[in-house]
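Working notes, beginning with the structure itself.
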Amino acid sequence: MKVVVIGCTHAGTSAVKTILNENPDANVIVYERNDNISFLSCGIALYVGGTVKDPQGLFYSNPEELSALGADVHMEHDVTKVDVENKKVYVTNLKDNSTLEETYDKLVLTTGSWPIIPPLGGLDLENVLLCKNYNQAQEIFTRQTDAEKVVIIGGGYIGIELVEAFAEQGKQVTLIDGLDRILNKYLDPEFTDILEEDLRSKGITVRLNEMCQSFEGENGKVNKVITSGGEYEADMVILCVGFRPNTDLIKGQIDTLPNGAILIDDYMKTSHPDVFAAGDSCAVNYNPNGGHAYIPLATNAVRMGTLVGKNINGDKVRYRGTQSTSGLYLFGWNIGSTGVNDASSKVMGLDTRSVYVVDNYRPEFMPENEKIYMKLVYEVGTNRIVGGQIMSKYDATASANTLSLAIQNKMTIEDLAYVDFFFQPVFDRPWNYLNILAQAAVEQERLISLEESANA
Ligand SMILES: Cc1cc2nc3c(=O)[nH]c(=O)nc-3n(C[C@H](O)[C@H](O)[C@H](O)COP(=O)(O)OP(=O)(O)OC[C@H]3O[C@@H](n4cnc5c(N)ncnc54)[C@H](O)[C@@H]3O)c2cc1C
């Protein structure tokens, strides 16, 4: 079996390792346009903020490791065309510009994503940067030395992590977002109000509901960001406004979502049976609504890449889908979320209700305590859990994983309300905080049904 893998970061590396582990005789040919593999972008903010001292620690594999496993690895090779019908890829060697063609039995598309670059004036100015791969991380790190005023465009988790990292380096930081809340994909206002207030109290300028319009500069270097609401001085700007799938290669040949994200079945096969795909280049199977969604996360990439390897030679291990479970640390806050929130549930076509509970995480007789802020989102009619958010100075983020399991296994608020969780006063109350959260949802439903009966 001759397998060509295009792109080798997380999904690609997982796929290559698993294919070779399970099919030692497979001829696996890898093309990667970068000069490195397996870079963990999630460490960029930690590197910029000084927690991670050596960026080499952000790689967990290398071309030599894959070669030792038996892969034929071609670094700095760009695949320029894919002919799905004739099972052929066309490749340019970026080192000498030579070209080659290669046939395959199976193709693995792990081409990932690229930052969305809105059509703004002044994008070509020096110090207007993107944040995705190793080279960009190095550029941010080098250029930050001379930058005092840093403007981050986009208040998603990547932008927010950079805001904290630069603030901790003593920079003057401005965060700009066109929407009315930070982290809106993950958290509802009860949480983001607290976080935005906290950012402001740390001296960060948070400008929401402002669309970035252009960048201005002097001597070719950025010095100002113009938005719909004002102008902000800047020595460095980082664009963090989202990602789009890197799938131009298969446009018109393989089924995708309108944004180009490749659709896959439960065994990682695309609409062509000999073409597999995984990671940021794909739509995920989203359990809260049973549909497809574009959620580019490393968690999805490594799972899907591994499943490509498991299933390349026949349907063996089913993809369980995702809830897009995420964790975030921001200025002492431990934040976890999974599934939909109040805002995104409508976009996902779900009819939901939610409960929000604030409680101490453990008994009051304990000398110290922390508040825990929690929300549970569930489907009206079935009471199936479809989302959850949890935030505290105490690290309760593992509860987002518990809620993720609840969503995947289609548990109801009643299941979670009375499920067996341990009690130990160092950690929680006789009712764990997730029990308490779900019991609040059960009580809410009892009151609603009483009211409906009274009105009937
Ligand atoms: C700053 C930052 C922080 C993040 N933090 C987290 C986090 O904490 N948790 C989390 O789960 N996720 C996080 N992510 C998301 C995560 O990094 C991505 O989901 C992940 O990188 C996706 O892996 P992938 O292999 O699918 O795609 P990519 O990482 O995009 O890799 C695709 C690879 O394909 C190569 N390629 C593309 N086209 C071609 C071609 N034509 N020819 C040859 N090679 C090609 C590219 O060079 C690249 O190496 C973060 C992302 C960023 C940018």
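So you can find residues: chains in the structure tokens are A, B, ... in the order shown, residues in each start at 1, and ligands are numbered from 1 in order.
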
Could you please extract the residues within 7 Å of ligand 1, counting only C-alpha atoms and all ligand atoms, and hand them back as a PDB file with N, CA, C and O atoms, in the first residue's frame?
ATOM      1  N   ILE A   6       0.037  14.569   2.841  1.00  0.00           N
ATOM      2  CA  ILE A   6       0.380  15.977   2.549  1.00  0.00           C
ATOM      3  C   ILE A   6       0.198  16.799   3.824  1.00  0.00           C
ATOM      4  O   ILE A   6      -0.915  16.948   4.320  1.00  0.00           O
ATOM      5  N   GLY A   7       1.290  17.334   4.337  1.00  0.00           N
ATOM      6  CA  GLY A   7       1.236  18.158   5.544  1.00  0.00           C
ATOM      7  C   GLY A   7       1.559  17.331   6.770  1.00  0.00           C
ATOM      8  O   GLY A   7       0.988  16.253   6.975  1.00  0.00           O
ATOM      9  N   CYS A   8       2.503  17.814   7.576  1.00  0.00           N
ATOM     10  CA  CYS A   8       2.929  16.988   8.706  1.00  0.00           C
ATOM     11  C   CYS A   8       3.140  17.826   9.965  1.00  0.00           C
ATOM     12  O   CYS A   8       4.272  18.024  10.400  1.00  0.00           O
ATOM     13  N   THR A   9       2.025  18.301  10.506  1.00  0.00           N
ATOM     14  CA  THR A   9       2.136  18.889  11.847  1.00  0.00           C
ATOM     15  C   THR A   9       1.461  17.893  12.800  1.00  0.00           C
ATOM     16  O   THR A   9       1.972  16.789  12.955  1.00  0.00           O
ATOM     17  N   HIS A  10       0.307  18.220  13.385  1.00  0.00           N
ATOM     18  CA  HIS A  10      -0.254  17.278  14.364  1.00  0.00           C
ATOM     19  C   HIS A  10      -1.027  16.139  13.713  1.00  0.00           C
ATOM     20  O   HIS A  10      -0.796  14.968  14.011  1.00  0.00           O
ATOM     21  N   ALA A  11      -1.960  16.488  12.818  1.00  0.00           N
ATOM     22  CA  ALA A  11      -2.750  15.429  12.181  1.00  0.00           C
ATOM     23  C   ALA A  11      -1.841  14.533  11.344  1.00  0.00           C
ATOM     24  O   ALA A  11      -1.943  13.299  11.393  1.00  0.00           O
ATOM     25  N   GLY A  12      -0.923  15.147  10.591  1.00  0.00           N
ATOM     26  CA  GLY A  12      -0.030  14.382   9.725  1.00  0.00           C
ATOM     27  C   GLY A  12       0.889  13.476  10.526  1.00  0.00           C
ATOM     28  O   GLY A  12       1.048  12.282  10.212  1.00  0.00           O
ATOM     29  N   TYR A  31       5.008  14.699   2.359  1.00  0.00           N
ATOM     30  CA  TYR A  31       5.453  15.990   1.823  1.00  0.00           C
ATOM     31  C   TYR A  31       5.055  17.088   2.793  1.00  0.00           C
ATOM     32  O   TYR A  31       3.876  17.214   3.152  1.00  0.00           O
ATOM     33  N   GLU A  32       6.020  17.854   3.237  1.00  0.00           N
ATOM     34  CA  GLU A  32       5.756  18.963   4.178  1.00  0.00           C
ATOM     35  C   GLU A  32       6.498  20.193   3.658  1.00  0.00           C
ATOM     36  O   GLU A  32       7.706  20.137   3.424  1.00  0.00           O
ATOM     37  N   ARG A  33       5.759  21.307   3.537  1.00  0.00           N
ATOM     38  CA  ARG A  33       6.417  22.482   2.949  1.00  0.00           C
ATOM     39  C   ARG A  33       7.306  23.229   3.940  1.00  0.00           C
ATOM     40  O   ARG A  33       8.242  23.924   3.542  1.00  0.00           O
ATOM     41  N   ASN A  34       7.072  23.048   5.228  1.00  0.00           N
ATOM     42  CA  ASN A  34       7.947  23.685   6.225  1.00  0.00           C
ATOM     43  C   ASN A  34       9.235  22.879   6.391  1.00  0.00           C
ATOM     44  O   ASN A  34       9.346  21.761   5.893  1.00  0.00           O
ATOM     45  N   ILE A  37       8.476  19.656  11.727  1.00  0.00           N
ATOM     46  CA  ILE A  37       7.164  19.020  11.915  1.00  0.00           C
ATOM     47  C   ILE A  37       6.778  19.089  13.393  1.00  0.00           C
ATOM     48  O   ILE A  37       7.640  19.286  14.252  1.00  0.00           O
ATOM     49  N   LEU A  40       4.071  22.764  18.320  1.00  0.00           N
ATOM     50  CA  LEU A  40       2.903  23.011  19.174  1.00  0.00           C
ATOM     51  C   LEU A  40       2.661  24.518  19.299  1.00  0.00           C
ATOM     52  O   LEU A  40       3.238  25.186  20.161  1.00  0.00           O
ATOM     53  N   SER A  41       1.781  25.029  18.439  1.00  0.00           N
ATOM     54  CA  SER A  41       1.490  26.470  18.466  1.00  0.00           C
ATOM     55  C   SER A  41       0.952  26.908  19.820  1.00  0.00           C
ATOM     56  O   SER A  41       1.081  28.074  20.199  1.00  0.00           O
ATOM     57  N   CYS A  42       0.342  25.957  20.544  1.00  0.00           N
ATOM     58  CA  CYS A  42      -0.245  26.297  21.844  1.00  0.00           C
ATOM     59  C   CYS A  42       0.822  26.813  22.812  1.00  0.00           C
ATOM     60  O   CYS A  42       0.501  27.434  23.818  1.00  0.00           O
ATOM     61  N   GLY A  43       2.095  26.573  22.492  1.00  0.00           N
ATOM     62  CA  GLY A  43       3.155  27.051  23.374  1.00  0.00           C
ATOM     63  C   GLY A  43       3.661  28.437  23.018  1.00  0.00           C
ATOM     64  O   GLY A  43       4.508  28.988  23.744  1.00  0.00           O
ATOM     65  N   ILE A  44       3.145  29.041  21.926  1.00  0.00           N
ATOM     66  CA  ILE A  44       3.694  30.333  21.489  1.00  0.00           C
ATOM     67  C   ILE A  44       3.548  31.388  22.589  1.00  0.00           C
ATOM     68  O   ILE A  44       4.505  32.077  22.951  1.00  0.00           O
ATOM     69  N   ALA A  45       2.333  31.490  23.147  1.00  0.00           N
ATOM     70  CA  ALA A  45       2.107  32.526  24.173  1.00  0.00           C
ATOM     71  C   ALA A  45       2.979  32.259  25.402  1.00  0.00           C
ATOM     72  O   ALA A  45       3.487  33.194  26.036  1.00  0.00           O
ATOM     73  N   HIS A  77       8.928  20.490   0.777  1.00  0.00           N
ATOM     74  CA  HIS A  77       8.316  20.074  -0.482  1.00  0.00           C
ATOM     75  C   HIS A  77       6.849  20.501  -0.444  1.00  0.00           C
ATOM     76  O   HIS A  77       6.120  20.128   0.476  1.00  0.00           O
ATOM     77  N   ASP A  78       6.490  21.277  -1.445  1.00  0.00           N
ATOM     78  CA  ASP A  78       5.138  21.822  -1.494  1.00  0.00           C
ATOM     79  C   ASP A  78       4.312  21.045  -2.521  1.00  0.00           C
ATOM     80  O   ASP A  78       4.715  20.939  -3.686  1.00  0.00           O
ATOM     81  N   VAL A  79       3.191  20.508  -2.093  1.00  0.00           N
ATOM     82  CA  VAL A  79       2.307  19.849  -3.067  1.00  0.00           C
ATOM     83  C   VAL A  79       1.487  20.937  -3.746  1.00  0.00           C
ATOM     84  O   VAL A  79       0.775  21.702  -3.081  1.00  0.00           O
ATOM     85  N   THR A  80       1.602  21.041  -5.049  1.00  0.00           N
ATOM     86  CA  THR A  80       0.982  22.155  -5.771  1.00  0.00           C
ATOM     87  C   THR A  80      -0.323  21.754  -6.443  1.00  0.00           C
ATOM     88  O   THR A  80      -1.133  22.596  -6.790  1.00  0.00           O
ATOM     89  N   THR A 110      -3.640  16.226   5.292  1.00  0.00           N
ATOM     90  CA  THR A 110      -3.488  16.817   6.628  1.00  0.00           C
ATOM     91  C   THR A 110      -2.818  18.189   6.455  1.00  0.00           C
ATOM     92  O   THR A 110      -1.797  18.489   7.059  1.00  0.00           O
ATOM     93  N   THR A 111      -3.437  18.984   5.580  1.00  0.00           N
ATOM     94  CA  THR A 111      -2.859  20.276   5.175  1.00  0.00           C
ATOM     95  C   THR A 111      -3.214  21.410   6.129  1.00  0.00           C
ATOM     96  O   THR A 111      -2.759  22.542   5.928  1.00  0.00           O
ATOM     97  N   GLY A 112      -4.056  21.123   7.133  1.00  0.00           N
ATOM     98  CA  GLY A 112      -4.260  22.083   8.210  1.00  0.00           C
ATOM     99  C   GLY A 112      -4.979  23.349   7.814  1.00  0.00           C
ATOM    100  O   GLY A 112      -5.863  23.360   6.943  1.00  0.00           O
ATOM    101  N   SER A 113      -4.585  24.426   8.474  1.00  0.00           N
ATOM    102  CA  SER A 113      -5.290  25.704   8.302  1.00  0.00           C
ATOM    103  C   SER A 113      -4.277  26.839   8.206  1.00  0.00           C
ATOM    104  O   SER A 113      -3.086  26.657   8.490  1.00  0.00           O
ATOM    105  N   TRP A 114      -4.776  28.008   7.867  1.00  0.00           N
ATOM    106  CA  TRP A 114      -3.931  29.195   7.798  1.00  0.00           C
ATOM    107  C   TRP A 114      -4.721  30.362   8.389  1.00  0.00           C
ATOM    108  O   TRP A 114      -5.952  30.399   8.251  1.00  0.00           O
ATOM    109  N   CYS A 131       0.229  34.596  13.743  1.00  0.00           N
ATOM    110  CA  CYS A 131       0.677  33.717  14.834  1.00  0.00           C
ATOM    111  C   CYS A 131       0.165  32.308  14.597  1.00  0.00           C
ATOM    112  O   CYS A 131      -0.961  31.995  14.963  1.00  0.00           O
ATOM    113  N   LYS A 132       0.995  31.491  13.958  1.00  0.00           N
ATOM    114  CA  LYS A 132       0.555  30.111  13.725  1.00  0.00           C
ATOM    115  C   LYS A 132       1.727  29.129  13.807  1.00  0.00           C
ATOM    116  O   LYS A 132       1.721  28.215  14.602  1.00  0.00           O
ATOM    117  N   ASN A 133       2.744  29.351  12.955  1.00  0.00           N
ATOM    118  CA  ASN A 133       3.786  28.319  12.899  1.00  0.00           C
ATOM    119  C   ASN A 133       5.069  28.755  13.619  1.00  0.00           C
ATOM    120  O   ASN A 133       5.138  29.841  14.214  1.00  0.00           O
ATOM    121  N   ILE A 158      -6.537  32.541  21.203  1.00  0.00           N
ATOM    122  CA  ILE A 158      -5.148  32.813  20.820  1.00  0.00           C
ATOM    123  C   ILE A 158      -4.796  34.274  21.114  1.00  0.00           C
ATOM    124  O   ILE A 158      -3.758  34.580  21.710  1.00  0.00           O
ATOM    125  N   ASN A 246      -6.891  24.854   4.780  1.00  0.00           N
ATOM    126  CA  ASN A 246      -5.947  24.882   3.640  1.00  0.00           C
ATOM    127  C   ASN A 246      -6.338  23.803   2.647  1.00  0.00           C
ATOM    128  O   ASN A 246      -5.703  22.748   2.597  1.00  0.00           O
ATOM    129  N   LEU A 249      -6.198  22.715  -2.717  1.00  0.00           N
ATOM    130  CA  LEU A 249      -5.695  21.613  -3.547  1.00  0.00           C
ATOM    131  C   LEU A 249      -6.801  20.674  -4.038  1.00  0.00           C
ATOM    132  O   LEU A 249      -6.681  20.078  -5.107  1.00  0.00           O
ATOM    133  N   ALA A 278      -7.768  14.677   7.909  1.00  0.00           N
ATOM    134  CA  ALA A 278      -7.805  14.837   9.369  1.00  0.00           C
ATOM    135  C   ALA A 278      -7.315  16.227   9.753  1.00  0.00           C
ATOM    136  O   ALA A 278      -6.571  16.864   8.998  1.00  0.00           O
ATOM    137  N   GLY A 279      -7.743  16.678  10.927  1.00  0.00           N
ATOM    138  CA  GLY A 279      -7.209  17.912  11.490  1.00  0.00           C
ATOM    139  C   GLY A 279      -7.887  19.172  10.981  1.00  0.00           C
ATOM    140  O   GLY A 279      -9.042  19.156  10.553  1.00  0.00           O
ATOM    141  N   ASP A 280      -7.121  20.266  11.015  1.00  0.00           N
ATOM    142  CA  ASP A 280      -7.684  21.582  10.689  1.00  0.00           C
ATOM    143  C   ASP A 280      -8.181  21.702   9.249  1.00  0.00           C
ATOM    144  O   ASP A 280      -8.888  22.660   8.922  1.00  0.00           O
ATOM    145  N   SER A 281      -7.789  20.782   8.379  1.00  0.00           N
ATOM    146  CA  SER A 281      -8.282  20.858   7.002  1.00  0.00           C
ATOM    147  C   SER A 281      -9.723  20.351   6.915  1.00  0.00           C
ATOM    148  O   SER A 281     -10.361  20.479   5.877  1.00  0.00           O
ATOM    149  N   PRO A 296     -11.061  24.204  14.451  1.00  0.00           N
ATOM    150  CA  PRO A 296      -9.660  23.804  14.333  1.00  0.00           C
ATOM    151  C   PRO A 296      -8.948  23.772  15.679  1.00  0.00           C
ATOM    152  O   PRO A 296      -8.627  24.799  16.256  1.00  0.00           O
ATOM    153  N   LEU A 297      -8.722  22.570  16.179  1.00  0.00           N
ATOM    154  CA  LEU A 297      -8.037  22.383  17.461  1.00  0.00           C
ATOM    155  C   LEU A 297      -7.076  21.202  17.357  1.00  0.00           C
ATOM    156  O   LEU A 297      -7.376  20.198  16.693  1.00  0.00           O
ATOM    157  N   ALA A 298      -5.965  21.301  18.073  1.00  0.00           N
ATOM    158  CA  ALA A 298      -4.990  20.206  18.086  1.00  0.00           C
ATOM    159  C   ALA A 298      -5.606  18.930  18.652  1.00  0.00           C
ATOM    160  O   ALA A 298      -5.241  17.818  18.250  1.00  0.00           O
ATOM    161  N   THR A 299      -6.530  19.093  19.607  1.00  0.00           N
ATOM    162  CA  THR A 299      -7.182  17.907  20.180  1.00  0.00           C
ATOM    163  C   THR A 299      -7.838  17.094  19.070  1.00  0.00           C
ATOM    164  O   THR A 299      -7.718  15.875  19.019  1.00  0.00           O
ATOM    165  N   ASN A 300      -8.562  17.806  18.194  1.00  0.00           N
ATOM    166  CA  ASN A 300      -9.215  17.109  17.078  1.00  0.00           C
ATOM    167  C   ASN A 300      -8.171  16.536  16.125  1.00  0.00           C
ATOM    168  O   ASN A 300      -8.309  15.420  15.626  1.00  0.00           O
ATOM    169  N   ALA A 301      -7.116  17.321  15.865  1.00  0.00           N
ATOM    170  CA  ALA A 301      -6.124  16.920  14.859  1.00  0.00           C
ATOM    171  C   ALA A 301      -5.438  15.610  15.240  1.00  0.00           C
ATOM    172  O   ALA A 301      -5.291  14.709  14.408  1.00  0.00           O
ATOM    173  N   SER A 326     -12.399  22.715  25.585  1.00  0.00           N
ATOM    174  CA  SER A 326     -11.232  23.611  25.613  1.00  0.00           C
ATOM    175  C   SER A 326     -10.906  24.040  27.029  1.00  0.00           C
ATOM    176  O   SER A 326     -11.799  24.184  27.864  1.00  0.00           O
TER     177      SER A 326
END

>> Which residues are near A:Ile250? Cut-off 10 Å, only C-alpha atoms, ignore same chain within fewer than 4 positions. Put them as a VMD selection string.
In response: chain A and resid 81 to 84 109 246 254 to 256 260 262

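The residue that comes closest to A:Ile116, out of A:Leu263, A:Ile153, A:Ile226, A:Leu376 and on the basis of only C-alpha atoms, is A:Ile153.
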
>> Taking 5 positions as the minimum chain separation for residues in the same chain, which residues sit within 12 Å of A:Thr103 when counting only C-alpha atoms? Answer as JSON, numbers by chain.
In response: {"A": [1, 2, 3, 4, 5, 27, 28, 29, 82, 83, 84, 85, 86, 87, 88, 89, 90, 91]}

Would you export the selected residues with N, CA and C atoms as an mmCIF file, in the first residue's frame, please?
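Heads up, here's the output in again_25.cif:
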data_model
loop_
_atom_site.group_PDB
_atom_site.id
_atom_site.type_symbol
_atom_site.label_atom_id
_atom_site.label_comp_id
_atom_site.auth_asym_id
_atom_site.auth_seq_id
_atom_site.Cartn_x
_atom_site.Cartn_y
_atom_site.Cartn_z
ATOM 1 N N MET A 1 0.853 -1.204 0.000
ATOM 2 C CA MET A 1 0.000 0.000 0.000
ATOM 3 C C MET A 1 0.887 1.252 0.000
ATOM 4 N N LYS A 2 0.680 2.080 -1.006
ATOM 5 C CA LYS A 2 1.475 3.314 -1.106
ATOM 6 C C LYS A 2 0.594 4.481 -0.641
ATOM 7 N N VAL A 3 1.044 5.132 0.420
ATOM 8 C CA VAL A 3 0.242 6.218 1.004
ATOM 9 C C VAL A 3 1.013 7.530 0.887
ATOM 10 N N VAL A 4 0.377 8.540 0.317
ATOM 11 C CA VAL A 4 0.989 9.873 0.295
ATOM 12 C C VAL A 4 0.302 10.727 1.350
ATOM 13 N N VAL A 5 1.109 11.354 2.218
ATOM 14 C CA VAL A 5 0.579 12.235 3.262
ATOM 15 C C VAL A 5 1.011 13.666 2.940
ATOM 16 N N ASN A 27 4.179 1.767 2.299
ATOM 17 C CA ASN A 27 5.148 2.730 1.776
ATOM 18 C C ASN A 27 4.531 4.116 1.986
ATOM 19 N N VAL A 28 5.002 4.811 3.028
ATOM 20 C CA VAL A 28 4.393 6.108 3.386
ATOM 21 C C VAL A 28 5.318 7.237 2.943
ATOM 22 N N ILE A 29 4.812 8.088 2.068
ATOM 23 C CA ILE A 29 5.604 9.204 1.536
ATOM 24 C C ILE A 29 5.008 10.508 2.065
ATOM 25 N N VAL A 82 -3.334 18.272 -6.763
ATOM 26 C CA VAL A 82 -3.749 16.892 -6.495
ATOM 27 C C VAL A 82 -4.758 16.501 -7.563
ATOM 28 N N ASP A 83 -4.543 15.355 -8.171
ATOM 29 C CA ASP A 83 -5.500 14.833 -9.152
ATOM 30 C C ASP A 83 -6.147 13.597 -8.524
ATOM 31 N N VAL A 84 -7.288 13.820 -7.909
ATOM 32 C CA VAL A 84 -7.940 12.745 -7.151
ATOM 33 C C VAL A 84 -8.378 11.619 -8.092
ATOM 34 N N GLU A 85 -8.892 12.011 -9.246
ATOM 35 C CA GLU A 85 -9.391 11.021 -10.213
ATOM 36 C C GLU A 85 -8.286 10.038 -10.622
ATOM 37 N N ASN A 86 -7.099 10.591 -10.921
ATOM 38 C CA ASN A 86 -5.991 9.751 -11.403
ATOM 39 C C ASN A 86 -4.982 9.385 -10.311
ATOM 40 N N LYS A 87 -5.338 9.693 -9.062
ATOM 41 C CA LYS A 87 -4.514 9.314 -7.903
ATOM 42 C C LYS A 87 -3.056 9.755 -8.062
ATOM 43 N N LYS A 88 -2.901 11.069 -8.209
ATOM 44 C CA LYS A 88 -1.561 11.596 -8.462
ATOM 45 C C LYS A 88 -1.385 12.930 -7.746
ATOM 46 N N VAL A 89 -0.189 13.176 -7.203
ATOM 47 C CA VAL A 89 0.111 14.501 -6.638
ATOM 48 C C VAL A 89 1.310 15.100 -7.380
ATOM 49 N N TYR A 90 1.319 16.421 -7.446
ATOM 50 C CA TYR A 90 2.381 17.165 -8.126
ATOM 51 C C TYR A 90 3.092 17.994 -7.066
ATOM 52 N N VAL A 91 4.413 17.918 -7.050
ATOM 53 C CA VAL A 91 5.168 18.463 -5.916
ATOM 54 C C VAL A 91 6.313 19.355 -6.405
#
